[in-house]
Each structure stands twice: as C-alpha cells, then as structure tokens.
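Asker: Provided herewith is a single structure, encoded as structure tokens, for subsequent inquiry.
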Amino acid sequence: MRIFPLFLIVLLMLFSVSLEAQDSEDYEYTDEFVWGINKNTRGGLIGGFILKKSIRISENQFQTFGLELMNVKHPKETRISNPLNGNSFIWGKENYLYSIRLQYGREHVIFKKASFQGLQIQAILAGGPTIGLVAPYYIQNSQGVNEPFDPEKHVDFNSILGTGNILQGIGESEVKFGLNLKPALSFEFGAFKSNVSGIELGLMFEGFTEEIILVPNDSNDQFFTSFFVTLFYGKRR
C-alpha cells in the first residue's frame, strides 16, 4: 500500500524537526493514563482496545508502557448468510487470532498546545513481545450443534446455520509468540488540562515464530502489517 512508505517518510521528517519545534515552557503534567478503541486494516469493525501509561522523563519526552488487545483477521475472510435463517458466518475460517501486545516506547512532543486549547502532536515509537491466542472458530452445524469449523468436514456452506457463541473456543487456544513494532503520530484535542483525548495514526508490524493458520484453504501469514486509527481518552496529572 502506498500509504505505508508515505507515512514513514512523514514520521521521520517530524522526528527530525522535533528538536527544533520545542518551546521552552515546562509541562503542566508528569504522567498520563489513556485507553482507547482501535480500528485497523487487519481487524473488523472494532479492531481492539488499548491501555497506555506515559511518564515524563525530560521536558519533551515520555516513556510509555502499553497493552493492546486485538483481533487479527485474514484479508480474505468472507461473511455470508444462511438462506434458511439469515444467520451469518465466515465461510472457510478455521481459527481466530487474538494478539495480546505488550509495548514499551518513547513519545516525543513535536508541537505543544496551551493548557486549555489548541492541538498537540507527538511522534511515537513502541514495541515489544506479542502473545498470540489461536482459538478455533465455532460454527452451528445443520443439527443446531456448535462445533469447530473443519474444512474437510464442512464442505457445503448451506449446511452451516450460523456462528457459535462469542469466545466459545477461547479455552482451547494455542499460544504463539511474536514481536510487534509501532511507529505512530498522536493528535491531542483535549480542552481541559487534566483530561486528554484525541486520535493516534500509525503502522503496526507484527511477526510470529511460525505461520498462523486462519483460513486453511488460502495463503496464511507469519508476518502482519496494518494501518490503524485509535480514538483515545484519559487522564493526566
């Protein structure tokens, strides 16, 4: 995707000018805690949720500790409906991939905002280990029984009545290990000194020690790249 290299170029430019763009005012806060909802190109309607703690280490730099909980989808997943009852399911999907991302990073303030108004822009680089939970995808068969999807057994999508219960297969998950890296830009619009709200735009690079099988009858990946937008809100002091 052409947006990926363009985003990286813009991010590097902003990092390079950040040292010249600082003003001499001290910050009004030393740490903040934010939470948010993520939308990304490898997720569904809602990609997942984030938590992040930031601690000031210099005038314009913070260290961050983050946790992300994401549902990673296969790009060829297709949701269809059973003509008999109208229930929908994902044809050919065998597994979910839930990524639990632990992250340590740095934030550099590029442009400061006033205490009660304006826009603040921060450049972010964070990464760390990923714990991947590969959980079986449950469907409801023609007898109304929930069972894991089996590509050798379920060869006719008309025999599937719908999707199983939410998180039904989570207790049967296989654990996979990997790493993640996130360059991003944060745009804060908060109107109050003690609150923070805004959006974060960036790229997520994630890799596992082996290929993750999500849709067995298609190509699957070991390495995942996505573009994301996170809406966040939090407190600072």
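Labels used: A, B, ... for chains in the order of the structure tokens, numbers from 1 for residues in each chain, and numbers from 1 for ligands as shown.
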Skipping near chain neighbours, those fewer than 6 positions away, what residues fall within 7 Å of Ala123 of chain A using only C-alpha atoms, listed as a ChimeraX atom specification?
Answerer: /A:15,107-110,184-186
Asker: For Phe187 of chain A, please output as a count of residues only all residues within 9 Å (counting only C-alpha atoms; exclusion window: fewer than 5 positions along the same chain).
Answerer: 9
Asker: Do you know which residues are at most 8 Å from Thr163 of chain A counting only C-alpha atoms, after dropping those on the same chain fewer than 4 positions away, and could you put them as a ChimeraX atom specification?
Answerer: /A:87-90,138-140,146
Asker: Output N, CA and C atoms for every residue in the selection just made, as a CSV table (one decimal), in the first residue's frame.
Answerer:
```csv
chain,number,residue,atom,x,y,z
A,87,ASN,N,-28.9,-16.2,9.4
A,87,ASN,CA,-27.7,-16.0,10.3
A,87,ASN,C,-26.4,-16.0,9.5
A,88,SER,N,-25.5,-15.2,9.9
A,88,SER,CA,-24.2,-15.0,9.1
A,88,SER,C,-23.1,-15.8,9.8
A,89,PHE,N,-22.1,-16.1,9.0
A,89,PHE,CA,-20.9,-16.8,9.5
A,89,PHE,C,-19.8,-16.5,8.5
A,90,ILE,N,-18.6,-16.8,8.9
A,90,ILE,CA,-17.4,-16.6,8.0
A,90,ILE,C,-17.1,-17.9,7.3
A,138,TYR,N,-15.9,-21.5,15.9
A,138,TYR,CA,-17.0,-22.4,16.1
A,138,TYR,C,-18.2,-21.9,15.2
A,139,ILE,N,-18.8,-22.9,14.6
A,139,ILE,CA,-20.0,-22.7,13.7
A,139,ILE,C,-21.1,-23.6,14.3
A,140,GLN,N,-22.3,-23.3,13.9
A,140,GLN,CA,-23.5,-24.1,14.2
A,140,GLN,C,-23.8,-25.0,13.0
A,146,ASN,N,-23.1,-26.6,18.1
A,146,ASN,CA,-21.9,-25.8,17.9
A,146,ASN,C,-20.7,-26.7,17.9
```
Asker: So which residues touch Gly234 of chain A within 10 Å, counting only C-alpha atoms, skipping near sequence neighbours fewer than 2 positions away, as an MDAnalysis selection string?
Answerer: chainID A and resid 32:36 51:53 190 194:198 232 236
Asker: From a backbone DSSP assignment, name each residue in chain A labelled strand (DSSP E), as a ChimeraX atom specification.
Answerer: /A:31-40,48-58,61-72,78-81,88-91,95-111,120-136,138-140,146-148,162-163,174-188,195-212,221-236
Asker: Would you please extract all helix (DSSP H, G or I) residues from segment 1-183 of chain A, as assigned by DSSP on the backbone, and give them as a list in words?
Answerer: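 Residues of segment 1-183 of chain A classed as helix (DSSP H, G or I): Ile3, Phe4, Pro5, Leu6, Phe7, Leu8, Ile9, Val10, Leu11, Leu12, Met13, Leu14, Phe15, Ser16, Val17, Ser18, Leu19, Glu20, Ala21, Phe157, Asn158, Ser159, Ile170, Gly171 and Glu172 of chain A.
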Asker: Please provide as a ChimeraX atom specification all residues within 8 Å of Ile50 of chain A, with the sequence filter that same-chain residues fewer than 6 positions apart are discarded (counting only C-alpha atoms).
Answerer: /A:35-38,66-69
Asker: From the options A:Gly105, A:Gly164, A:Gly207, A:Gly118, which residue's atoms come nearest to Gln63 of chain A, counting only C-alpha atoms?
Answerer: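 The answer is A:Gly105, which sits nearest to Gln63 of chain A.
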Asker: With distances taken over only C-alpha atoms, which of A:Val134, A:Leu97, A:Ile55, A:Ile46 is nearest to Phe224 of chain A?
Answerer: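 Going through A:Val134, A:Leu97, A:Ile55, A:Ile46 one by one, the smallest distance to Phe224 of chain A is for A:Leu97.
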Asker: With only C-alpha atoms as the counted atoms, please give the residues lying no more than 8 Å from Met70 of chain A, apart from itself and same-chain residues fewer than 5 positions off, as a list of chain:residue names.
Answerer: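 Final neighbour list, sorted by chain and number: A:Gly43, A:Gly47, A:Gly48, A:Phe49, A:Tyr98, A:Ser99, A:Ile100.
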Asker: In terms of the shortest atom-to-atom distance over only C-alpha atoms, which of A:Thr30, A:Asn71, A:Ser226, A:Asn217 is closest to Pro151 of chain A?
Answerer: A:Asn217
Asker: For Ile213 of chain A, work out the shell of residues within 9 Å, counting only C-alpha atoms and skipping chain neighbours fewer than 2 positions away, then give it as an NGL selection string.
Answerer: :A and (94-97 or 134 or 211 or 215-216 or 219-222)
Asker: In Å, how far is it from atom CA of His74 of chain A to atom CA of Arg42 of chain A?
Answerer: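 Interatomic distance, atom CA of His74 of chain A to atom CA of Arg42 of chain A: 7.0 Å.
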